[in-house]
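Text of the file input-v6.cif, holding mmCIF, C-alpha atoms and all ligand atoms:
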```cif
data_target
loop_
_atom_site.label_atom_id
_atom_site.label_comp_id
_atom_site.auth_asym_id
_atom_site.auth_seq_id
_atom_site.Cartn_x
_atom_site.Cartn_y
_atom_site.Cartn_z
CA MET A 16 -25.92 7.44 4.98
CA THR A 17 -23.27 5.05 6.17
CA ASN A 18 -19.69 6.29 6.18
CA THR A 19 -18.33 2.79 5.60
CA LEU A 20 -16.35 2.56 2.38
CA PRO A 21 -17.24 -0.36 0.15
CA ARG A 22 -14.22 -2.68 0.13
CA GLU A 23 -12.16 -3.11 -3.00
CA ASN A 24 -12.49 -6.64 -4.32
CA TRP A 25 -8.82 -7.42 -4.85
CA GLY A 26 -9.68 -10.92 -6.02
CA LEU A 27 -11.10 -9.64 -9.32
CA THR A 28 -8.86 -10.14 -12.35
CA GLU A 29 -9.96 -6.71 -13.58
CA ILE A 30 -8.62 -5.08 -10.38
CA ALA A 31 -5.35 -7.03 -10.64
CA ASP A 32 -4.98 -5.90 -14.27
CA ARG A 33 -5.61 -2.29 -13.32
CA TRP A 34 -3.11 -2.51 -10.45
CA SER A 35 -0.57 -4.18 -12.71
CA ALA A 36 -0.92 -1.38 -15.29
CA GLY A 37 0.19 1.13 -12.62
CA GLU A 38 3.48 -0.60 -11.91
CA ALA A 39 5.85 1.93 -13.52
CA LEU A 40 4.04 4.81 -11.84
CA ARG A 41 4.19 3.11 -8.43
CA GLN A 42 7.89 2.43 -8.89
CA GLN A 43 8.44 6.13 -9.52
CA ILE A 44 6.35 7.14 -6.48
CA PHE A 45 7.25 4.43 -3.97
CA GLY A 46 10.60 3.05 -5.25
CA ALA A 47 12.82 4.99 -2.83
CA ALA A 48 10.48 4.38 0.14
CA THR A 49 10.46 0.67 -0.68
CA GLU A 50 14.28 0.58 -0.68
CA LYS A 51 14.17 2.28 2.73
CA MET A 52 11.66 -0.31 4.01
CA LEU A 53 13.99 -3.13 2.87
CA GLU A 54 16.95 -1.44 4.58
CA LEU A 55 15.00 -0.95 7.83
CA ALA A 56 13.91 -4.59 7.74
CA SER A 57 17.63 -5.53 7.38
CA VAL A 58 16.99 -7.44 4.16
CA GLN A 59 20.36 -8.64 2.88
CA VAL A 60 22.03 -11.31 0.76
CA GLY A 61 20.76 -14.71 1.87
CA SER A 62 17.73 -13.40 3.85
CA ARG A 63 14.42 -15.28 3.91
CA VAL A 64 11.80 -12.56 3.43
CA LEU A 65 8.02 -12.62 3.70
CA ASP A 66 6.10 -9.92 1.79
CA VAL A 67 2.59 -9.69 3.25
CA ALA A 68 -0.20 -8.50 0.91
CA ALA A 69 2.44 -8.47 -1.81
CA GLY A 70 -0.09 -7.72 -4.55
CA SER A 71 1.51 -7.71 -7.97
CA GLY A 72 4.84 -8.29 -6.27
CA GLU A 73 6.89 -5.14 -6.84
CA SER A 74 8.36 -5.04 -3.34
CA SER A 75 8.78 -8.85 -3.39
CA LEU A 76 10.86 -8.62 -6.56
CA MET A 77 12.93 -5.76 -5.14
CA ALA A 78 13.57 -7.93 -2.07
CA ALA A 79 14.44 -10.90 -4.30
CA ARG A 80 17.11 -8.84 -6.09
CA HIS A 81 18.61 -7.94 -2.69
CA VAL A 82 18.65 -11.45 -1.20
CA GLY A 83 20.12 -13.13 -4.30
CA LEU A 84 20.17 -16.82 -5.08
CA THR A 85 21.01 -17.83 -1.51
CA GLY A 86 17.95 -16.00 -0.24
CA TYR A 87 14.23 -16.55 -0.63
CA VAL A 88 11.12 -14.37 -0.87
CA LEU A 89 7.56 -15.50 -0.24
CA ALA A 90 4.96 -13.16 -1.75
CA ALA A 91 1.71 -13.75 0.16
CA ASP A 92 -1.63 -12.14 -0.67
CA ILE A 93 -5.33 -12.87 -0.27
CA SER A 94 -5.88 -12.39 -4.04
CA PRO A 95 -4.80 -15.15 -6.43
CA SER A 96 -5.11 -12.81 -9.42
CA MET A 97 -2.72 -10.26 -7.88
CA LEU A 98 -0.27 -13.08 -7.13
CA ASN A 99 -0.52 -14.35 -10.72
CA VAL A 100 0.80 -10.97 -11.85
CA ALA A 101 3.63 -11.26 -9.29
CA ALA A 102 4.55 -14.81 -10.37
CA GLU A 103 4.61 -13.81 -14.05
CA ALA A 104 6.82 -10.80 -13.28
CA ALA A 105 9.27 -12.99 -11.31
CA HIS A 106 9.31 -15.53 -14.13
CA ARG A 107 9.91 -12.83 -16.77
CA GLU A 108 12.89 -11.56 -14.78
CA GLY A 109 14.25 -15.07 -14.19
CA LEU A 110 13.97 -14.70 -10.41
CA THR A 111 13.90 -18.28 -9.16
CA ASN A 112 14.04 -17.27 -5.48
CA VAL A 113 10.43 -15.99 -5.33
CA GLU A 114 7.34 -18.02 -4.48
CA THR A 115 3.74 -16.86 -4.22
CA ARG A 116 1.11 -18.22 -1.85
CA VAL A 117 -2.51 -17.21 -1.22
CA MET A 118 -2.86 -16.26 2.43
CA ASN A 119 -4.83 -13.99 4.73
CA ALA A 120 -2.53 -11.51 6.50
CA GLU A 121 -4.46 -11.99 9.73
CA ASN A 122 -3.96 -15.75 9.68
CA LEU A 123 -0.60 -16.64 8.15
CA ALA A 124 -0.30 -20.37 7.43
CA LEU A 125 3.43 -20.32 8.21
CA GLU A 126 5.72 -21.73 10.89
CA PRO A 127 6.78 -19.49 13.78
CA ASP A 128 10.30 -17.99 13.57
CA SER A 129 10.65 -18.96 9.91
CA PHE A 130 11.67 -15.65 8.23
CA ASP A 131 14.59 -13.24 8.73
CA ALA A 132 12.44 -10.25 7.79
CA VAL A 133 8.83 -9.39 7.01
CA ILE A 134 7.74 -6.47 4.81
CA SER A 135 4.35 -5.12 3.76
CA ARG A 136 3.71 -2.15 1.48
CA ILE A 137 0.53 -0.01 1.34
CA ALA A 138 -1.64 -2.73 2.83
CA LEU A 139 -1.68 -2.84 6.65
CA MET A 140 -4.35 -0.11 6.88
CA LEU A 141 -6.66 -2.12 4.60
CA PHE A 142 -6.93 -5.10 6.93
CA PRO A 143 -9.94 -5.25 9.29
CA ASN A 144 -7.56 -5.89 12.22
CA PRO A 145 -4.06 -4.46 11.58
CA ALA A 146 -2.83 -5.38 15.09
CA LYS A 147 -3.77 -9.02 14.46
CA ALA A 148 -1.91 -8.96 11.13
CA LEU A 149 1.20 -7.44 12.78
CA THR A 150 0.97 -10.04 15.57
CA GLU A 151 1.02 -12.73 12.88
CA MET A 152 4.00 -11.09 11.14
CA ARG A 153 5.80 -10.98 14.49
CA ARG A 154 5.02 -14.66 15.10
CA VAL A 155 6.66 -15.80 11.84
CA VAL A 156 9.78 -13.60 11.99
CA LYS A 157 12.81 -14.99 13.86
CA PRO A 158 13.71 -13.55 17.28
CA GLY A 159 15.67 -10.35 16.64
CA GLY A 160 14.17 -10.10 13.14
CA LYS A 161 12.36 -7.00 11.90
CA VAL A 162 8.96 -6.28 10.44
CA ALA A 163 8.77 -3.11 8.31
CA VAL A 164 5.71 -1.65 6.64
CA ILE A 165 4.79 1.32 4.48
CA VAL A 166 1.42 3.04 4.91
CA PHE A 167 0.09 6.36 3.65
CA SER A 168 0.55 9.32 5.96
CA ALA A 169 -2.38 11.70 6.66
CA LEU A 170 -4.73 12.59 3.81
CA GLU A 171 -3.89 16.31 4.26
CA LYS A 172 -0.24 15.51 3.51
CA ASN A 173 -1.26 13.78 0.26
CA PRO A 174 -3.17 16.47 -1.67
CA TYR A 175 -3.35 14.35 -4.84
CA HIS A 176 -5.91 12.29 -2.92
CA GLY A 177 -6.74 14.75 -0.13
CA ILE A 178 -8.17 17.43 -2.45
CA PRO A 179 -10.50 15.10 -4.40
CA PHE A 180 -11.63 13.30 -1.23
CA GLY A 181 -12.44 16.64 0.42
CA ILE A 182 -14.43 17.81 -2.61
CA VAL A 183 -16.44 14.60 -3.01
CA ARG A 184 -17.21 14.34 0.70
CA ARG A 185 -18.37 17.97 0.78
CA LEU A 186 -20.57 17.66 -2.32
CA GLY A 187 -22.09 14.34 -1.24
CA ASN A 188 -22.24 15.29 2.44
CA ILE A 189 -20.31 12.08 3.16
CA PRO A 190 -18.69 11.87 6.61
CA PRO A 191 -15.12 10.57 6.92
CA PRO A 192 -14.67 6.88 7.79
CA ALA A 193 -15.13 6.07 11.47
CA PRO A 194 -11.96 5.47 13.54
CA GLY A 195 -10.83 1.89 13.05
CA GLU A 196 -12.48 1.58 9.64
CA PRO A 197 -10.04 0.04 7.11
CA TRP A 198 -9.19 2.39 4.24
CA MET A 199 -6.12 3.81 2.52
CA TYR A 200 -5.50 6.57 5.09
CA ALA A 201 -6.60 4.72 8.24
CA LEU A 202 -3.07 4.61 9.73
CA GLY A 203 -1.95 8.06 8.61
CA ASP A 204 -1.23 9.28 12.13
CA PRO A 205 2.26 8.11 13.23
CA ARG A 206 0.90 7.50 16.75
CA ALA A 207 -1.75 5.13 15.38
CA LEU A 208 0.87 3.10 13.52
CA GLU A 209 3.17 3.05 16.55
CA ASP A 210 0.23 1.92 18.67
CA VAL A 211 -0.56 -1.12 16.47
CA TYR A 212 3.12 -2.12 16.52
CA ARG A 213 3.18 -1.94 20.32
CA ARG A 214 -0.09 -3.84 20.65
CA ALA A 215 1.45 -6.56 18.49
CA GLY A 216 4.30 -6.87 21.01
CA PHE A 217 7.24 -5.37 19.07
CA LEU A 218 10.40 -3.89 20.59
CA ASN A 219 12.31 -0.84 19.30
CA VAL A 220 9.27 0.48 17.47
CA SER A 221 9.91 3.46 15.23
CA VAL A 222 7.84 5.32 12.67
CA ARG A 223 9.34 7.79 10.20
CA ALA A 224 7.77 9.98 7.54
CA LEU A 225 9.13 10.01 4.02
CA THR A 226 8.23 12.50 1.30
CA ILE A 227 7.03 11.12 -2.01
CA GLN A 228 6.32 12.99 -5.27
CA ARG A 229 3.54 12.30 -7.73
CA ARG A 230 4.74 13.45 -11.13
CA PHE A 231 2.78 13.46 -14.37
CA PRO A 232 3.36 15.21 -17.70
CA SER A 233 0.30 17.41 -17.00
CA ALA A 234 -2.61 17.89 -14.58
CA ALA A 235 -4.86 16.26 -17.20
CA ASP A 236 -2.66 13.11 -17.07
CA ALA A 237 -2.76 13.18 -13.26
CA ILE A 238 -6.56 13.27 -13.30
CA ARG A 239 -6.84 10.58 -15.97
CA THR A 240 -4.71 8.26 -13.83
CA MET A 241 -6.72 9.13 -10.73
CA LYS A 242 -9.95 8.20 -12.51
CA ASN A 243 -8.53 4.75 -13.20
CA SER A 244 -6.57 3.97 -10.08
CA ALA A 245 -7.73 5.79 -6.93
CA VAL A 246 -9.78 2.94 -5.52
CA ASP A 247 -11.46 4.62 -2.54
CA LEU A 248 -12.17 7.76 -4.58
CA ARG A 249 -13.90 5.78 -7.33
CA GLU A 250 -16.08 4.15 -4.68
CA LEU A 251 -16.96 7.52 -3.13
CA MET A 252 -17.83 8.99 -6.54
CA THR A 253 -20.54 6.36 -6.98
CA ARG A 254 -22.41 8.02 -4.10
CA LEU A 255 -22.80 11.29 -6.02
CA ASN A 256 -25.51 11.92 -8.58
CA ASP A 257 -24.48 12.80 -12.16
CA ALA A 258 -24.61 16.57 -11.62
CA GLN A 259 -22.61 16.35 -8.39
CA ARG A 260 -20.06 14.09 -10.07
CA GLU A 261 -19.57 16.53 -12.91
CA MET A 262 -19.18 19.38 -10.43
CA ALA A 263 -16.69 17.29 -8.42
CA TRP A 264 -14.43 16.68 -11.43
CA THR A 265 -14.59 20.39 -12.39
CA ASP A 266 -13.53 21.40 -8.84
CA ILE A 267 -10.85 18.68 -8.71
CA LYS A 268 -9.33 19.87 -12.02
CA GLU A 269 -9.35 23.47 -10.83
CA GLN A 270 -7.78 22.77 -7.43
CA LEU A 271 -5.18 20.29 -8.64
CA GLY A 272 -4.17 22.86 -11.27
CA GLN A 273 -2.04 24.48 -8.53
CA PHE A 274 0.47 21.62 -8.93
CA GLU A 275 0.99 22.20 -12.64
CA GLY A 276 4.10 24.14 -13.62
CA PRO A 277 6.57 24.45 -16.49
CA ASN A 278 7.84 20.93 -15.78
CA GLY A 279 4.41 19.31 -15.69
CA PHE A 280 2.38 18.18 -12.69
CA GLU A 281 4.18 17.58 -9.40
CA ALA A 282 2.27 17.05 -6.14
CA PRO A 283 4.00 16.29 -2.84
CA GLY A 284 2.90 13.40 -0.67
CA GLU A 285 4.02 11.47 2.38
CA VAL A 286 4.21 7.87 3.53
CA LEU A 287 5.07 6.44 6.94
CA ILE A 288 7.50 3.59 7.39
CA GLY A 289 7.03 1.61 10.57
CA VAL A 290 9.54 -0.89 11.89
CA GLY A 291 9.70 -3.09 14.96
CA THR A 292 11.92 -5.90 16.25
CA LYS A 293 10.77 -9.26 17.62
C1 LIG B 1 -2.95 -1.49 -2.19
S1 LIG B 1 -2.54 -3.14 -2.62
C2 LIG B 1 -0.79 -3.17 -2.29
C3 LIG B 1 -0.08 -4.28 -3.01
C4 LIG B 1 1.44 -4.30 -2.88
N1 LIG B 1 1.86 -4.52 -1.50
C5 LIG B 1 2.08 -3.06 -3.44
O1 LIG B 1 2.61 -2.26 -2.68
O2 LIG B 1 2.06 -2.87 -4.66
C6 LIG B 1 -3.22 -4.03 -1.26
C7 LIG B 1 -3.06 -5.52 -1.34
O3 LIG B 1 -3.53 -6.06 -0.11
C8 LIG B 1 -4.13 -7.32 -0.39
N2 LIG B 1 -4.98 -7.67 0.76
C9 LIG B 1 -6.08 -7.03 1.18
N3 LIG B 1 -6.57 -7.64 2.29
C10 LIG B 1 -5.74 -8.68 2.57
C11 LIG B 1 -5.68 -9.66 3.60
N4 LIG B 1 -6.58 -9.69 4.58
N5 LIG B 1 -4.69 -10.55 3.57
C12 LIG B 1 -3.75 -10.53 2.60
N6 LIG B 1 -3.75 -9.62 1.60
C13 LIG B 1 -4.71 -8.70 1.59
C14 LIG B 1 -4.87 -7.07 -1.68
O4 LIG B 1 -5.21 -8.27 -2.34
C15 LIG B 1 -3.86 -6.21 -2.43
O5 LIG B 1 -3.01 -7.00 -3.22
#
```

As a first step, turn the structure in this file into structure tokens.
Amino acid sequence: MTNTLPRENWGLTEIADRWSAGEALRQQIFGAATEKMLELASVQVGSRVLDVAAGSGESSLMAARHVGLTGYVLAADISPSMLNVAAEAAHREGLTNVETRVMNAENLALEPDSFDAVISRIALMLFPNPAKALTEMRRVVKPGGKVAVIVFSALEKNPYHGIPFGIVRRLGNIPPPAPGEPWMYALGDPRALEDVYRRAGFLNVSVRALTIQRRFPSAADAIRTMKNSAVDLRELMTRLNDAQREMAWTDIKEQLGQFEGPNGFEAPGEVLIGVGTK
């Protein structure tokens, strides 16, 4: 059996709708880390910012609020349906300083030295060639400008995903993805992220870990959300037969129960924020 994960088709409207529905939850989980990414990228009033693989545009809109009317944010993504969600959100909020443009992260159709800062959230590890994408981001940022990204840290540090992945792989006898394979946890080792930054030619490269919390009213809510949103897990589940799948959900419920307490479900997690200067 191949260990290659089927790729999520981000271009599907259905996927964009599902991603859009998770906005409030993502804000709760990644809001503080996103603010840190903007700070590390030196996003400020008047900045021209590029958000690569912006998706439904949450980090683009946060950047747009920082840069104000004298600034500008370009939300770029390979999926037009994700960008439609971003454009509608910007319109609803009256943010006139945001544009969206369909673009492949590994081949940015943009002038060199044309942005003050580049950001990218939970996406770099999904590209077939992250070093190529970072090289492109470096090309379009101005000399002295910064490129900051958020990726997931190691799977073991993110038990909300780590536990179910472990269970499904064990039951289905599915090996982990090969090194270099794009998936959500492909750049979870700080040295791997640092390495792609260096290969892309950045100076002053740094990678820091930031704790995140996944909170839900109950473990049952946590699992319901996981069934709808954990892309790679849903794909892996399709490789199990019905009996194995049922067993997997029983084990997942039991093991994730450890994070349920009097205040509901609370599982720790970790992201990495990488930053480099051109
Ligand atoms: C996990 S989502 C993250 C979206 C957004 N940055 C966020 O944090 O909410 C990954 C995004 O990467 C985009 N994507 C995947 N491959 C891409 C590529 N080669 N070039 C540009 N965008 C890509 C997808 O369309 C999707 O919107």

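Atom pair atom C11 of ligand LIG 1 (chain B) / atom CA of A:Leu110: separated by 24.7 Å.
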
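Shortest separation to ligand LIG 1 (chain B) among A:Glu38, A:Glu171, A:Glu209, A:Glu196 occurs at residue A:Glu38, atoms counted being all atoms listed in the file.
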
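Comparing A:Arg153, A:Arg107, A:Lys161, A:Arg116 by their smallest distance to A:Gly289, the closest is A:Lys161 (using all atoms listed in the file).
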
Item to check | Residue nearest ligand LIG 1 (chain B) among A:Leu55, A:Leu139, A:Val60, A:Ala79 (counting only C-alpha atoms and all ligand atoms) | outcome: A:Leu139

Item to check | Exercise: A:Tyr175 partners within 8 Å, only C-alpha atoms, chain neighbours under 2 positions left out, as a PyMOL selection string | outcome: chain A and resi 173+177-179+229+271+282-284

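Around ligand LIG 1 (chain B), the neighbouring residues within 7 Å, taking all atoms listed in the file, come to Trp25, Gly26, Val67, Ala68, Ala69, Gly70, Ser71, Gly72, Glu73, Ser74, Ala91, Asp92, Ile93, Ser94, Met97, Met118, Asn119, Ala120, Glu121, Ser135, Arg136, Ile137, Ala138, Leu141 and Phe142 of chain A.
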
Could you turn the residues from that selection into a file that holds C-alpha atoms, as a compact mmCIF listing (two decimals), keeping the file's coordinate frame?
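And here's selection.txt as it stands now:
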```txt
# COMPACT_ATOMS: atom_id res chain seq x y z
CA TRP A 25 -8.82 -7.42 -4.85
CA GLY A 26 -9.68 -10.92 -6.02
CA VAL A 67 2.59 -9.69 3.25
CA ALA A 68 -0.20 -8.50 0.91
CA ALA A 69 2.44 -8.47 -1.81
CA GLY A 70 -0.09 -7.72 -4.55
CA SER A 71 1.51 -7.71 -7.97
CA GLY A 72 4.84 -8.29 -6.27
CA GLU A 73 6.89 -5.14 -6.84
CA SER A 74 8.36 -5.04 -3.34
CA ALA A 91 1.71 -13.75 0.16
CA ASP A 92 -1.63 -12.14 -0.67
CA ILE A 93 -5.33 -12.87 -0.27
CA SER A 94 -5.88 -12.39 -4.04
CA MET A 97 -2.72 -10.26 -7.88
CA MET A 118 -2.86 -16.26 2.43
CA ASN A 119 -4.83 -13.99 4.73
CA ALA A 120 -2.53 -11.51 6.50
CA GLU A 121 -4.46 -11.99 9.73
CA SER A 135 4.35 -5.12 3.76
CA ARG A 136 3.71 -2.15 1.48
CA ILE A 137 0.53 -0.01 1.34
CA ALA A 138 -1.64 -2.73 2.83
CA LEU A 141 -6.66 -2.12 4.60
CA PHE A 142 -6.93 -5.10 6.93
```

Put the listed atoms of stretch 61-79 of chain A in a box along x, y and z with 4 Å added on every side and give me the centre and edge lengths in Å to one decimal, as lines of an AutoDock Vina configuration file.
```
center_x = 10.3
center_y = -10.2
center_z = -2.0
size_x = 29.0
size_y = 18.2
size_z = 19.9
```

Item to check | For A:Asn219, the nearest of the candidates A:Met199, A:Arg239, A:Gly159, A:Gly272, counting all atoms listed in the file | outcome: A:Gly159

Checklist entry - Which residue out of A:Thr253, A:Ser57, A:Gln228, A:Ser75 has the minimum interatomic distance to A:Val183 when only C-alpha atoms are used? => result A:Thr253

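Of the residues under consideration (A:Asp247, A:Thr28, A:Asn278, A:Ile288), A:Ile288 shows the shortest atom-to-atom contact distance to A:Glu50 when counting all atoms listed in the file.
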
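All residues of protein, DNA or RNA that reach within 9 Å of A:Tyr200, judged by all atoms listed in the file and not counting those fewer than 6 positions away in the chain, are A:Met140, A:Leu141, A:Val166, A:Phe167, A:Ser168, A:Ala169, A:Leu170.
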
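Note that the spacing between atom CA of A:Gly83 and atom CA of A:Gly61 amounts to 6.4 Å.
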
Write out as a PDB file with C-alpha atoms, in the coordinates of the input each polymer residue whose atoms come within 8 Å of A:Pro205, counting all atoms listed in the file; drop sequence neighbours fewer than 6 positions from it.
```pdb
ATOM      1  CA  SER A 168       0.550   9.320   5.960  1.00  0.00           C
ATOM      2  CA  VAL A 222       7.840   5.320  12.670  1.00  0.00           C
ATOM      3  CA  ARG A 223       9.340   7.790  10.200  1.00  0.00           C
ATOM      4  CA  LEU A 287       5.070   6.440   6.940  1.00  0.00           C
TER       5      LEU A 287
END
```

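Atom to atom, atom CA of A:Arg213 and atom CA of A:Lys172 stand 24.5 Å apart.
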
Item to check | Nearby residues (all atoms listed in the file) at most 12 Å from A:Arg230, same-chain spacing under 6 positions excluded, as a list in words | outcome: Ala39, Leu40, Arg41, Gln42, Gln43, Ile44, Phe45, Tyr175, Asp236, Ala237, Ile238, Thr240, Phe274, Glu275, Gly276, Asn278, Gly279, Phe280, Glu281, Ala282, Pro283 and Gly284 of chain A

Checklist entry - Do you know which residues are at most 8 Å from A:Leu218 counting only C-alpha atoms, after dropping those on the same chain fewer than 4 positions away, and could you put them as a PyMOL selection string? => result chain A and resi 213+291-293

Those residues you just picked out, can you put them in a file as a compact mmCIF listing (two decimals), in the frame of the given file with C-alpha atoms?
```
# COMPACT_ATOMS: atom_id res chain seq x y z
CA ARG A 213 3.18 -1.94 20.32
CA GLY A 291 9.70 -3.09 14.96
CA THR A 292 11.92 -5.90 16.25
CA LYS A 293 10.77 -9.26 17.62
```

Test item: write stretch 219-241 of chain A with C-alpha atoms as a PDB file, in the first residue's frame:
```
ATOM      1  CA  ASN A 219      18.502  35.921  10.135  1.00  0.00           C
ATOM      2  CA  VAL A 220      16.415  32.762  10.003  1.00  0.00           C
ATOM      3  CA  SER A 221      14.600  31.894  13.207  1.00  0.00           C
ATOM      4  CA  VAL A 222      11.980  29.324  14.129  1.00  0.00           C
ATOM      5  CA  ARG A 223      10.007  29.471  17.375  1.00  0.00           C
ATOM      6  CA  ALA A 224       7.396  27.159  18.849  1.00  0.00           C
ATOM      7  CA  LEU A 225       4.112  28.528  20.124  1.00  0.00           C
ATOM      8  CA  THR A 226       1.564  26.643  22.199  1.00  0.00           C
ATOM      9  CA  ILE A 227      -2.006  26.550  20.945  1.00  0.00           C
ATOM     10  CA  GLN A 228      -5.120  25.182  22.679  1.00  0.00           C
ATOM     11  CA  ARG A 229      -8.001  23.342  21.078  1.00  0.00           C
ATOM     12  CA  ARG A 230     -11.070  23.973  23.200  1.00  0.00           C
ATOM     13  CA  PHE A 231     -14.530  22.512  22.728  1.00  0.00           C
ATOM     14  CA  PRO A 232     -17.551  22.307  25.025  1.00  0.00           C
ATOM     15  CA  SER A 233     -17.051  18.513  25.224  1.00  0.00           C
ATOM     16  CA  ALA A 234     -15.025  15.630  23.768  1.00  0.00           C
ATOM     17  CA  ALA A 235     -18.076  14.735  21.663  1.00  0.00           C
ATOM     18  CA  ASP A 236     -17.963  18.237  20.091  1.00  0.00           C
ATOM     19  CA  ALA A 237     -14.216  17.875  19.492  1.00  0.00           C
ATOM     20  CA  ILE A 238     -14.768  14.599  17.650  1.00  0.00           C
ATOM     21  CA  ARG A 239     -17.716  15.934  15.646  1.00  0.00           C
ATOM     22  CA  THR A 240     -15.542  18.823  14.431  1.00  0.00           C
ATOM     23  CA  MET A 241     -12.679  16.455  13.656  1.00  0.00           C
TER      24      MET A 241
END
```
